[in-house]
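For reference, entry_11.txt is printed below; it contains compact mmCIF, C-alpha atoms and all ligand atoms.
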# COMPACT_ATOMS: atom_id res chain seq x y z
CA MET A 1 127.42 -180.55 -165.06
CA PHE A 2 130.46 -182.82 -164.80
CA GLU A 3 128.42 -185.90 -165.70
CA HIS A 4 131.13 -187.11 -168.10
CA LEU A 5 133.88 -186.64 -165.55
CA LYS A 6 131.83 -188.40 -162.91
CA LYS A 7 131.39 -191.41 -165.17
CA SER A 8 134.94 -191.65 -166.47
CA ASP A 9 137.14 -190.58 -163.53
CA SER A 10 135.46 -190.70 -160.18
CA GLU A 11 138.73 -190.01 -158.34
CA VAL A 12 139.21 -186.60 -159.97
CA TYR A 13 135.48 -185.93 -159.84
CA GLU A 14 135.46 -186.38 -156.07
CA ILE A 15 138.37 -183.96 -155.65
CA VAL A 16 136.64 -181.38 -157.85
CA LYS A 17 133.57 -181.78 -155.68
CA LYS A 18 135.64 -181.21 -152.55
CA GLU A 19 136.97 -177.96 -153.97
CA TYR A 20 133.44 -176.92 -154.92
CA ARG A 21 132.24 -177.57 -151.37
CA ARG A 22 135.19 -175.70 -149.90
CA GLN A 23 134.34 -172.65 -151.98
CA GLU A 24 130.63 -172.80 -151.14
CA GLU A 25 131.04 -173.50 -147.43
CA CYS A 26 133.93 -171.21 -146.45
CA LEU A 27 134.26 -167.46 -146.34
CA GLU A 28 136.72 -166.58 -149.09
CA LEU A 29 138.66 -163.51 -147.98
CA ILE A 30 141.78 -163.88 -150.12
CA ALA A 31 141.97 -160.45 -151.76
CA SER A 32 143.14 -161.82 -155.11
CA GLU A 33 140.41 -164.46 -155.50
CA ASN A 34 136.90 -164.36 -156.85
CA PHE A 35 134.15 -166.59 -158.28
CA ALA A 36 133.90 -166.45 -162.07
CA SER A 37 130.41 -166.69 -163.57
CA TYR A 38 129.07 -169.85 -165.21
CA PRO A 39 129.44 -168.26 -168.68
CA VAL A 40 133.12 -167.56 -167.94
CA LEU A 41 133.61 -171.12 -166.67
CA GLU A 42 131.84 -172.58 -169.70
CA ALA A 43 133.99 -170.57 -172.14
CA ALA A 44 137.13 -171.58 -170.21
CA SER A 45 136.32 -175.25 -170.61
CA SER A 46 135.10 -174.93 -174.21
CA PHE A 47 136.34 -176.63 -177.40
CA PHE A 48 138.98 -173.90 -177.84
CA THR A 49 140.97 -176.00 -175.33
CA ASN A 50 141.93 -178.21 -178.28
CA LYS A 51 143.35 -175.59 -180.59
CA TYR A 52 146.88 -174.40 -181.32
CA ALA A 53 146.99 -170.82 -182.60
CA GLU A 54 150.56 -169.55 -182.26
CA GLY A 55 150.75 -166.08 -183.72
CA TYR A 56 148.08 -163.39 -183.80
CA PRO A 57 144.75 -162.94 -185.63
CA GLY A 58 145.35 -163.05 -189.38
CA LYS A 59 148.94 -164.23 -188.90
CA ARG A 60 148.96 -167.71 -187.41
CA TYR A 61 151.40 -170.57 -187.68
CA TYR A 62 148.59 -173.18 -187.85
CA GLY A 63 145.63 -173.86 -190.10
CA GLY A 64 142.05 -173.89 -188.89
CA CYS A 65 142.37 -170.68 -186.89
CA GLY A 66 139.26 -168.87 -188.20
CA PRO A 67 137.22 -169.02 -184.96
CA CYS A 68 140.41 -168.37 -182.94
CA ASP A 69 140.98 -165.17 -184.90
CA GLU A 70 137.40 -164.18 -184.28
CA ILE A 71 137.47 -164.79 -180.55
CA GLU A 72 140.87 -163.15 -180.04
CA ARG A 73 139.79 -160.05 -182.01
CA THR A 74 136.61 -159.88 -179.93
CA ALA A 75 138.62 -160.11 -176.71
CA GLN A 76 141.12 -157.47 -177.89
CA GLU A 77 138.41 -155.07 -178.94
CA ARG A 78 136.45 -155.45 -175.69
CA CYS A 79 139.64 -155.08 -173.66
CA ARG A 80 140.68 -151.87 -175.43
CA LYS A 81 137.23 -150.39 -174.92
CA LEU A 82 137.01 -151.42 -171.29
CA PHE A 83 140.37 -149.95 -170.26
CA ASN A 84 140.49 -147.17 -172.84
CA ALA A 85 143.75 -148.69 -174.10
CA GLU A 86 145.36 -147.99 -177.47
CA HIS A 87 146.60 -151.57 -177.75
CA ALA A 88 145.75 -154.79 -175.93
CA ASN A 89 147.43 -158.18 -175.97
CA VAL A 90 145.14 -160.79 -174.42
CA GLN A 91 147.58 -163.71 -174.62
CA PRO A 92 149.65 -163.49 -171.38
CA HIS A 93 149.04 -166.60 -169.33
CA SER A 94 149.47 -164.66 -166.10
CA GLY A 95 150.23 -161.26 -164.63
CA THR A 96 153.87 -162.20 -164.11
CA GLN A 97 154.20 -163.12 -167.77
CA ALA A 98 152.58 -159.84 -168.79
CA ASN A 99 155.14 -158.01 -166.63
CA MET A 100 157.99 -160.06 -168.07
CA ALA A 101 156.94 -159.23 -171.63
CA VAL A 102 156.90 -155.52 -170.83
CA TYR A 103 160.37 -155.62 -169.23
CA PHE A 104 161.76 -157.56 -172.17
CA SER A 105 160.18 -155.04 -174.56
CA VAL A 106 162.09 -152.01 -173.31
CA LEU A 107 164.86 -153.17 -170.97
CA SER A 108 168.16 -155.01 -171.28
CA PRO A 109 169.57 -157.28 -168.57
CA GLY A 110 171.18 -155.17 -165.86
CA ASP A 111 168.93 -152.14 -166.42
CA THR A 112 167.39 -150.60 -163.33
CA ILE A 113 163.73 -150.97 -162.43
CA MET A 114 161.99 -149.45 -159.46
CA GLY A 115 158.94 -151.00 -157.83
CA MET A 116 157.36 -151.50 -154.44
CA HIS A 117 159.23 -153.81 -152.10
CA LEU A 118 157.48 -157.14 -151.51
CA SER A 119 156.86 -156.44 -147.82
CA HIS A 120 155.71 -152.90 -148.65
CA GLY A 121 152.89 -154.11 -150.88
CA GLY A 122 154.77 -155.00 -154.07
CA HIS A 123 154.77 -158.23 -156.05
CA LEU A 124 157.55 -160.77 -156.67
CA SER A 125 157.63 -159.78 -160.35
CA HIS A 126 158.28 -156.12 -159.45
CA GLY A 127 161.97 -156.79 -158.84
CA HIS A 128 162.22 -159.26 -155.96
CA PRO A 129 165.61 -161.02 -155.90
CA THR A 130 164.03 -164.50 -156.00
CA SER A 131 162.07 -163.65 -159.17
CA PHE A 132 163.39 -163.36 -162.74
CA SER A 133 162.69 -159.63 -162.34
CA GLY A 134 165.29 -159.27 -159.60
CA ARG A 135 167.76 -161.64 -161.22
CA TYR A 136 167.84 -160.07 -164.68
CA PHE A 137 167.47 -156.46 -163.62
CA HIS A 138 168.96 -154.21 -161.03
CA THR A 139 166.11 -153.27 -158.74
CA VAL A 140 165.44 -150.36 -156.45
CA PRO A 141 162.67 -151.10 -153.94
CA ILE A 142 160.15 -148.44 -152.95
CA GLU A 143 159.21 -148.51 -149.26
CA LEU A 144 156.08 -147.11 -147.66
CA ASP A 145 156.21 -144.20 -145.28
CA ARG A 146 156.75 -145.61 -141.78
CA ARG A 147 154.29 -143.25 -140.15
CA THR A 148 151.37 -143.40 -142.60
CA GLY A 149 151.85 -146.82 -144.22
CA MET A 150 151.32 -145.09 -147.58
CA ILE A 151 153.42 -144.20 -150.62
CA ASP A 152 155.31 -140.93 -150.15
CA TYR A 153 155.65 -139.60 -153.69
CA ASP A 154 158.36 -137.10 -152.75
CA VAL A 155 160.49 -139.93 -151.40
CA VAL A 156 159.84 -141.95 -154.58
CA ASN A 157 160.85 -138.94 -156.65
CA ARG A 158 164.10 -138.46 -154.72
CA LEU A 159 164.89 -142.19 -154.98
CA ALA A 160 164.28 -142.04 -158.73
CA GLU A 161 166.52 -138.97 -159.07
CA LYS A 162 169.28 -140.81 -157.25
CA THR A 163 169.00 -144.22 -158.92
CA LYS A 164 167.81 -143.28 -162.44
CA PRO A 165 165.58 -146.28 -163.18
CA LYS A 166 164.78 -147.07 -166.79
CA LEU A 167 161.32 -148.30 -165.81
CA ILE A 168 159.11 -147.67 -162.79
CA VAL A 169 156.40 -150.12 -161.75
CA ALA A 170 153.32 -148.52 -160.22
CA GLY A 171 151.25 -151.26 -158.73
CA ALA A 172 150.83 -153.53 -155.77
CA SER A 173 149.61 -156.81 -154.36
CA ALA A 174 149.04 -155.65 -150.82
CA TYR A 175 148.36 -151.92 -150.77
CA SER A 176 144.95 -150.77 -149.59
CA ARG A 177 145.14 -147.15 -150.77
CA ILE A 178 144.67 -145.29 -154.08
CA ILE A 179 147.72 -145.30 -156.34
CA ASP A 180 148.39 -141.94 -157.96
CA PHE A 181 149.41 -142.89 -161.50
CA LYS A 182 149.63 -139.22 -162.52
CA LYS A 183 152.28 -138.60 -159.86
CA PHE A 184 154.18 -141.71 -161.00
CA ARG A 185 154.06 -140.33 -164.56
CA GLU A 186 155.54 -137.03 -163.39
CA ILE A 187 158.34 -138.88 -161.63
CA CYS A 188 158.98 -140.97 -164.75
CA ASP A 189 159.09 -137.87 -166.93
CA HIS A 190 161.47 -136.23 -164.48
CA VAL A 191 164.01 -139.07 -164.74
CA GLY A 192 163.24 -140.33 -168.26
CA ALA A 193 161.77 -143.68 -167.20
CA TYR A 194 159.02 -145.81 -168.71
CA LEU A 195 155.93 -146.23 -166.57
CA MET A 196 154.40 -149.68 -166.24
CA SER A 197 151.26 -149.80 -164.11
CA ASP A 198 150.35 -153.21 -162.75
CA ILE A 199 146.65 -153.01 -161.92
CA ALA A 200 146.14 -156.73 -161.26
CA HIS A 201 144.35 -156.17 -157.97
CA ILE A 202 142.33 -153.10 -158.85
CA ALA A 203 141.40 -153.77 -162.51
CA GLY A 204 137.69 -154.14 -161.69
CA LEU A 205 137.69 -150.90 -159.70
CA VAL A 206 139.47 -149.10 -162.55
CA VAL A 207 136.92 -150.34 -165.10
CA ALA A 208 134.10 -149.16 -162.83
CA GLY A 209 135.70 -145.73 -162.37
CA LEU A 210 136.22 -146.29 -158.63
CA HIS A 211 140.00 -146.05 -158.88
CA PRO A 212 141.81 -143.54 -161.15
CA SER A 213 142.78 -145.09 -164.46
CA PRO A 214 146.44 -145.82 -165.24
CA PHE A 215 145.76 -144.47 -168.76
CA PRO A 216 146.70 -142.03 -170.24
CA HIS A 217 149.64 -141.79 -167.82
CA SER A 218 151.22 -145.20 -168.39
CA ASP A 219 153.30 -146.52 -171.27
CA PHE A 220 152.31 -150.07 -170.34
CA VAL A 221 149.50 -151.46 -168.20
CA THR A 222 149.41 -155.07 -167.05
CA THR A 223 146.85 -157.00 -165.09
CA THR A 224 145.48 -160.39 -164.26
CA THR A 225 141.91 -161.17 -165.21
CA HIS A 226 140.71 -163.19 -162.24
CA LYS A 227 140.83 -160.82 -159.27
CA THR A 228 138.40 -157.88 -158.98
CA LEU A 229 137.84 -158.25 -162.74
CA ARG A 230 136.23 -161.67 -162.03
CA GLY A 231 137.30 -163.41 -165.21
CA PRO A 232 139.29 -166.58 -165.88
CA ARG A 233 142.77 -167.13 -164.45
CA GLY A 234 145.08 -165.22 -166.82
CA GLY A 235 146.92 -162.03 -167.72
CA LEU A 236 146.70 -159.02 -170.04
CA ALA A 237 149.23 -156.51 -171.32
CA MET A 238 148.22 -153.15 -172.74
CA CYS A 239 150.27 -150.24 -174.06
CA ARG A 240 150.43 -147.10 -176.13
CA LYS A 241 150.22 -147.75 -179.86
CA GLU A 242 153.91 -146.97 -180.38
CA PHE A 243 154.90 -150.02 -178.28
CA ALA A 244 152.30 -152.40 -179.75
CA GLU A 245 154.55 -154.32 -182.13
CA LEU A 246 157.35 -154.59 -179.60
CA LEU A 247 155.03 -155.86 -176.88
CA ASP A 248 153.33 -158.42 -179.12
CA LYS A 249 156.70 -159.78 -180.27
CA ASN A 250 157.89 -160.10 -176.69
CA ILE A 251 154.82 -162.09 -175.68
CA PHE A 252 154.87 -164.39 -178.72
CA PRO A 253 157.41 -165.66 -179.67
CA GLY A 254 159.36 -163.85 -176.92
CA ILE A 255 158.21 -165.64 -173.80
CA GLN A 256 155.18 -167.75 -174.70
CA GLY A 257 154.19 -170.37 -177.21
CA GLY A 258 150.61 -171.21 -178.08
CA PRO A 259 148.00 -168.93 -176.53
CA PHE A 260 145.31 -170.50 -174.34
CA MET A 261 142.42 -169.87 -176.72
CA HIS A 262 139.87 -171.26 -174.26
CA ILE A 263 141.04 -168.72 -171.68
CA ILE A 264 141.00 -165.94 -174.26
CA ALA A 265 137.36 -166.89 -174.98
CA ALA A 266 136.63 -166.69 -171.25
CA LYS A 267 138.43 -163.33 -171.02
CA ALA A 268 136.15 -162.03 -173.80
CA VAL A 269 133.11 -163.16 -171.78
CA ALA A 270 134.43 -161.51 -168.62
CA PHE A 271 135.10 -158.24 -170.48
CA GLY A 272 131.52 -158.37 -171.77
CA GLU A 273 130.26 -158.81 -168.20
CA ALA A 274 132.44 -155.93 -166.99
CA MET A 275 130.81 -153.61 -169.54
CA LYS A 276 127.39 -154.06 -167.95
CA PRO A 277 125.98 -151.54 -165.43
CA GLU A 278 125.65 -154.34 -162.82
CA PHE A 279 129.41 -154.64 -162.79
CA ARG A 280 129.80 -151.09 -161.53
CA LEU A 281 127.31 -151.77 -158.75
CA TYR A 282 129.25 -154.91 -157.86
CA GLN A 283 132.53 -152.97 -157.64
CA GLU A 284 130.88 -150.26 -155.52
CA GLN A 285 129.72 -152.94 -153.11
CA ILE A 286 133.22 -154.45 -152.96
CA VAL A 287 134.56 -151.12 -151.70
CA LYS A 288 131.66 -150.55 -149.29
CA ASN A 289 132.20 -154.05 -147.92
CA SER A 290 135.93 -153.52 -147.58
CA LYS A 291 135.38 -150.32 -145.61
CA ALA A 292 132.76 -152.02 -143.41
CA LEU A 293 135.10 -154.95 -142.73
CA ALA A 294 137.92 -152.51 -141.92
CA GLU A 295 135.67 -150.62 -139.48
CA GLY A 296 134.57 -153.87 -137.87
CA LEU A 297 138.17 -154.99 -137.42
CA ILE A 298 139.16 -151.64 -135.93
CA GLU A 299 136.27 -151.99 -133.46
CA GLU A 300 137.75 -155.38 -132.56
CA LYS A 301 141.08 -153.64 -131.84
CA PHE A 302 142.94 -154.84 -134.91
CA ASN A 303 145.62 -152.55 -136.32
CA LEU A 304 145.40 -152.00 -140.06
CA VAL A 305 148.39 -150.95 -142.15
CA SER A 306 147.67 -147.36 -143.29
CA GLY A 307 144.75 -147.30 -140.86
CA GLY A 308 142.08 -148.37 -143.33
CA THR A 309 141.26 -148.97 -146.98
CA ASP A 310 140.22 -147.21 -150.18
CA ASN A 311 139.87 -150.36 -152.24
CA HIS A 312 138.97 -154.05 -151.97
CA MET A 313 141.73 -154.96 -149.56
CA ILE A 314 142.84 -154.72 -145.95
CA LEU A 315 146.26 -155.51 -144.54
CA VAL A 316 146.12 -156.42 -140.86
CA ASP A 317 149.15 -155.90 -138.63
CA LEU A 318 148.80 -158.67 -136.04
CA ARG A 319 151.64 -157.70 -133.73
CA ASN A 320 149.37 -156.29 -131.00
CA LYS A 321 147.42 -159.58 -131.03
CA GLY A 322 150.49 -161.67 -130.22
CA ILE A 323 149.99 -164.04 -133.16
CA LYS A 324 152.01 -164.52 -136.33
CA GLY A 325 150.45 -164.41 -139.80
CA ASN A 326 150.96 -168.11 -140.50
CA LEU A 327 149.18 -169.18 -137.31
CA ALA A 328 146.38 -166.66 -137.87
CA GLN A 329 145.84 -168.04 -141.38
CA TYR A 330 145.67 -171.56 -139.94
CA ILE A 331 143.30 -170.63 -137.11
CA LEU A 332 140.99 -168.77 -139.47
CA GLU A 333 140.91 -171.74 -141.82
CA GLU A 334 139.91 -173.96 -138.90
CA ALA A 335 137.01 -171.54 -138.40
CA GLY A 336 135.98 -171.72 -142.07
CA ILE A 337 137.58 -168.42 -143.11
CA THR A 338 140.16 -168.42 -145.91
CA SER A 339 142.83 -165.71 -145.89
CA ASN A 340 146.56 -165.45 -146.49
CA LYS A 341 149.47 -164.61 -144.25
CA ASN A 342 151.19 -161.50 -145.54
CA SER A 343 154.30 -159.51 -144.71
CA ILE A 344 153.70 -156.03 -143.39
CA PRO A 345 156.03 -153.07 -143.99
CA ASN A 346 159.39 -153.59 -142.25
CA ASP A 347 158.32 -157.07 -141.17
CA THR A 348 160.96 -158.82 -139.11
CA GLU A 349 159.38 -162.22 -139.76
CA LYS A 350 160.22 -164.36 -142.79
CA PRO A 351 157.67 -164.39 -145.68
CA PHE A 352 156.55 -167.88 -144.66
CA ILE A 353 155.77 -166.68 -141.11
CA THR A 354 154.88 -162.95 -141.41
CA SER A 355 153.30 -160.53 -138.95
CA GLY A 356 150.15 -159.90 -140.94
CA ILE A 357 147.20 -161.24 -142.85
CA ARG A 358 145.68 -159.82 -146.01
CA LEU A 359 141.91 -159.76 -146.42
CA GLY A 360 139.73 -158.79 -149.36
CA THR A 361 136.06 -158.55 -150.24
CA PRO A 362 135.73 -159.34 -154.01
CA ALA A 363 134.66 -162.97 -153.49
CA VAL A 364 132.23 -162.50 -150.59
CA THR A 365 130.68 -159.59 -152.49
CA THR A 366 130.13 -161.81 -155.54
CA ARG A 367 128.02 -164.09 -153.38
CA GLY A 368 125.81 -161.13 -152.42
CA MET A 369 127.09 -160.27 -148.97
CA LYS A 370 126.81 -156.69 -147.77
CA GLU A 371 127.99 -154.45 -144.91
CA ALA A 372 125.99 -156.29 -142.22
CA GLN A 373 127.77 -159.56 -143.05
CA MET A 374 131.14 -157.76 -143.07
CA LYS A 375 130.57 -156.56 -139.52
CA GLN A 376 129.72 -160.11 -138.52
CA ILE A 377 132.81 -161.46 -140.29
CA ALA A 378 135.01 -159.01 -138.36
CA VAL A 379 133.60 -160.47 -135.15
CA PHE A 380 134.18 -164.05 -136.40
CA ILE A 381 137.80 -163.14 -137.16
CA SER A 382 138.31 -161.58 -133.76
CA ARG A 383 136.72 -164.50 -131.92
CA ALA A 384 138.83 -166.98 -133.90
CA ILE A 385 142.11 -165.14 -133.29
CA ASN A 386 141.27 -164.95 -129.59
CA SER A 387 140.49 -168.69 -129.55
CA ALA A 388 143.73 -169.93 -131.09
CA ASP A 389 144.04 -172.74 -128.53
CA ASN A 390 140.36 -173.58 -128.27
CA LYS A 391 139.34 -176.15 -130.87
CA GLU A 392 135.72 -176.21 -129.66
CA ALA A 393 135.36 -172.45 -130.03
CA LEU A 394 136.78 -172.63 -133.56
CA LYS A 395 134.32 -175.40 -134.42
CA GLU A 396 131.46 -173.26 -133.15
CA ILE A 397 132.58 -170.31 -135.31
CA LYS A 398 132.83 -172.65 -138.29
CA LYS A 399 129.22 -173.67 -137.75
CA GLU A 400 128.13 -170.02 -137.71
CA VAL A 401 130.21 -169.33 -140.82
CA ARG A 402 128.49 -172.25 -142.53
CA LYS A 403 125.10 -170.83 -141.65
CA MET A 404 126.12 -167.55 -143.27
CA THR A 405 127.57 -169.13 -146.42
CA ASP A 406 124.49 -171.34 -146.82
CA THR A 407 122.42 -168.16 -146.99
CA PHE A 408 124.59 -166.81 -149.83
CA PRO A 409 125.14 -169.68 -152.29
CA ILE A 410 127.54 -169.08 -155.17
CA TYR A 411 126.90 -171.60 -157.93
CA GLY A 412 124.07 -173.68 -156.46
CA TRP A 413 125.40 -176.79 -158.17
CA THR A 414 123.66 -179.98 -157.26
CA GLU A 415 124.83 -183.37 -158.44
N1 LIG A 501 149.54 -163.90 -155.98
C1 LIG A 501 148.73 -162.76 -156.27
C2 LIG A 501 148.12 -162.20 -155.03
O1 LIG A 501 147.64 -162.98 -154.23
O2 LIG A 501 148.10 -160.99 -154.86
C3 LIG A 501 149.44 -161.77 -157.04
O3 LIG A 501 149.85 -162.35 -158.21
Please render this file's structure as structure tokens.
Ligand code: DSN
Amino acid sequence: MFEHLKKSDSEVYEIVKKEYRRQEECLELIASENFASYPVLEAASSFFTNKYAEGYPGKRYYGGCGPCDEIERTAQERCRKLFNAEHANVQPHSGTQANMAVYFSVLSPGDTIMGMHLSHGGHLSHGHPTSFSGRYFHTVPIELDRRTGMIDYDVVNRLAEKTKPKLIVAGASAYSRIIDFKKFREICDHVGAYLMSDIAHIAGLVVAGLHPSPFPHSDFVTTTTHKTLRGPRGGLAMCRKEFAELLDKNIFPGIQGGPFMHIIAAKAVAFGEAMKPEFRLYQEQIVKNSKALAEGLIEEKFNLVSGGTDNHMILVDLRNKGIKGNLAQYILEEAGITSNKNSIPNDTEKPFITSGIRLGTPAVTTRGMKEAQMKQIAVFISRAINSADNKEALKEIKKEVRKMTDTFPIYGWTE
């Protein structure tokens, strides 16, 4: 592997190798990351990289699109089956672009959308003022209940009654509890809004039946393909049949040019993997691991937003530990643990500082780790946070982390 790159561009080759080592040697706890399989990686770097295929299967703006049509149809069909969707567009380059295409399908600039506030678990593309979504549309942020750290559907309903959104986004980037899509549908029906469910984080759990499906409740469902779904980096947009033409038009030519056919090929491979029984077992282990990590952290006196987790993710409120999210992220990295600083509900710190960190188990579960390792990781985290000023202690934890990661190799690539 990489023998051509090694020969022709040793500078880039060495950097690729560094990234490989980082992934193998560190504990990857970023909730939105995962390790795609070799078949997914091979498809993503395949000869489809070279091909332009603007348009859709059977209706392209370029010649030579026979295999492109075949691979895109395969991806569409597998995607529809996997999510039980009436229509699937596999071309979005990312989750944000999938969301943008949906908004542009049914909204006009200035229309009102409602979605979770960024520091209450939402995503930039759910209406944050710095994103296109908050600049083109009037947005009403949903906040979590202060006491429980969870969505209060009665409050959402009252907010919707008052503000009359044209579209409601059900979905999150940092919410560790089940999202009740049925309740969101009822609220949408009550105020005449479209429902777009963004399942980027939980797509794998949905496929495995471990989180309620956004269908049949949603008009549109968007996701990325690289988080719990463990595919290539990319997006997907699905919808009811009645919106199919509108959605397709708003992806191409609406907001994108040529589709990334190599990534579509890799998406098809990932969907194939997600149809296998092993995938369900993998998703079950993600949740077991997440709960075990949460328990371990609670034993180490960490406060978790909402008190625990139902999914692959944990949001830690660090205020009782006297450390900000940015410093915690740095300290953990020094100890060989990769995480990300994250705002917590009603955070008084700026998004680049934050009072929390977000942790997730999809990646460590892919490498075969189980509950026992999660308990040990919770202790590593606690020791590291308590050793913020002690470089030697952090080095020692890093050594122990390395011992653990060596026992659970990911790709086993040797030069
Ligand atoms: N940036 C992603 C995450 O980390 O959750 C969402 O797109």
For ligand LIG 501 (chain A), what centre and edge lengths in Å (one decimal) does the axis-aligned box get once 6 Å is added on each side of all its listed atoms, as AutoDock Vina command-line options?
--center_x 148.7 --center_y -162.4 --center_z -156.2 --size_x 14.2 --size_y 14.9 --size_z 16.0
Hey, which residues sit close to ligand LIG 501 (chain A)? Say within 7 Å, counting all atoms listed in the file, and write them as a VMD selection string.
chain A and resid 31 to 32 95 123 173 to 174 201
Residue among A:Ser37, A:Ser108, A:Ser8, A:Thr361 lying closest to Gly412 in chain A, counting all atoms listed in the file
A:Ser37
Among A:Gly204, A:Pro409, A:Pro67, A:Gly110, Glu273 in chain A is approached most closely, using only C-alpha atoms, by A:Gly204
A straight line from CA of Ala75 in chain A to CA of Ala363 in chain A spans 23.7 Å
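Distance-wise, CA of Met196 in chain A and CA of Gly171 in chain A end up 8.3 Å apart.
For the pair CA of Tyr56 in chain A and CA of His226 in chain A, the separation is 22.8 Å.
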For range 247-255 of chain A, find every residue with an atom within 10 Å (counting all atoms listed in the file), except residues of its own chain fewer than 6 positions away, and show them as a CSV table (one decimal) with C-alpha atoms, in the frame of the given file.
chain,number,residue,atom,x,y,z
A,54,GLU,CA,150.6,-169.6,-182.3
A,55,GLY,CA,150.8,-166.1,-183.7
A,56,TYR,CA,148.1,-163.4,-183.8
A,87,HIS,CA,146.6,-151.6,-177.8
A,88,ALA,CA,145.8,-154.8,-175.9
A,89,ASN,CA,147.4,-158.2,-176.0
A,90,VAL,CA,145.1,-160.8,-174.4
A,91,GLN,CA,147.6,-163.7,-174.6
A,92,PRO,CA,149.6,-163.5,-171.4
A,93,HIS,CA,149.0,-166.6,-169.3
A,97,GLN,CA,154.2,-163.1,-167.8
A,98,ALA,CA,152.6,-159.8,-168.8
A,99,ASN,CA,155.1,-158.0,-166.6
A,100,MET,CA,158.0,-160.1,-168.1
A,101,ALA,CA,156.9,-159.2,-171.6
A,102,VAL,CA,156.9,-155.5,-170.8
A,103,TYR,CA,160.4,-155.6,-169.2
A,104,PHE,CA,161.8,-157.6,-172.2
A,105,SER,CA,160.2,-155.0,-174.6
A,106,VAL,CA,162.1,-152.0,-173.3
A,220,PHE,CA,152.3,-150.1,-170.3
A,237,ALA,CA,149.2,-156.5,-171.3
A,238,MET,CA,148.2,-153.2,-172.7
A,239,CYS,CA,150.3,-150.2,-174.1
A,240,ARG,CA,150.4,-147.1,-176.1
A,241,LYS,CA,150.2,-147.8,-179.9
Please determine, counting only C-alpha atoms, which residue among A:Arg21, A:Ala388, A:Ser119, A:Ile410 has the shortest atom-to-atom distance to Pro351 in chain A.
A:Ser119
Neighbourhood query: residues within 10 Å of (137.0, -171.0, -169.8), file coordinates, counting all atoms listed in the file; return as a PyMOL selection string.
chain A and resi 36+38-49+231-233+260-270
Please check which residues have atoms at most 9 Å from (144.8, -168.1, -138.5) in the file's coordinates, counting all atoms listed in the file, and write them as number ranges by chain.
A: 323-335, 337-341, 357, 381, 384-385, 388
Ranking A:Arg78, A:Arg146, A:Lys291, A:His217 by minimum distance to Ser197 in chain A and counting only C-alpha atoms, which one comes first?
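Using only C-alpha atoms, Ser197 in chain A sits closest to A:His217.
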Of the residues A:Arg177, A:Lys166, A:Arg73, A:His128, which is the one nearest to Pro109 in chain A, using only C-alpha atoms?
A:Lys166
Can you pull out the residues contacting range 186-189 of chain A? Cut-off 12 Å, using all atoms listed in the file, and skip same-chain residues under 5 positions away; I want them as a PyMOL selection string.
chain A and resi 113-114+153-162+164-170+180-181+194-197+217-219
Which residue is closest to Ala208 in chain A? Choose from A:Gly234, A:Phe83, A:Ser125, A:Glu299 and count only C-alpha atoms.
A:Phe83
Which neighbours of Val16 in chain A fall inside 10 Å, counting all atoms listed in the file, when residues of the same chain fewer than 6 positions from it are skipped, and could you give them as a short mmCIF file (atom, residue, chain, number, x, y, z; two decimals) with C-alpha atoms, in the frame of the given file?
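Output (around-v6.cif):
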data_model
loop_
_atom_site.label_atom_id
_atom_site.label_comp_id
_atom_site.auth_asym_id
_atom_site.auth_seq_id
_atom_site.Cartn_x
_atom_site.Cartn_y
_atom_site.Cartn_z
CA PHE A 2 130.46 -182.82 -164.80
CA LEU A 5 133.88 -186.64 -165.55
CA LYS A 6 131.83 -188.40 -162.91
CA SER A 10 135.46 -190.70 -160.18
CA ARG A 22 135.19 -175.70 -149.90
#
If you count only C-alpha atoms, which residues fall within 7 Å of Ala294 in chain A, apart from same-chain ones fewer than 4 positions away, as a list in words?
Ser290, Ile298, Gly308 and Ile314 of chain A
Grab the residues selected above and save them as a PDB file, in the frame of the given file with C-alpha atoms.
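result_16.pdb was written with the following content:
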ATOM      1  CA  SER A 290     135.930-153.520-147.580  1.00  0.00           C
ATOM      2  CA  ILE A 298     139.160-151.640-135.930  1.00  0.00           C
ATOM      3  CA  GLY A 308     142.080-148.370-143.330  1.00  0.00           C
ATOM      4  CA  ILE A 314     142.840-154.720-145.950  1.00  0.00           C
TER       5      ILE A 314
END
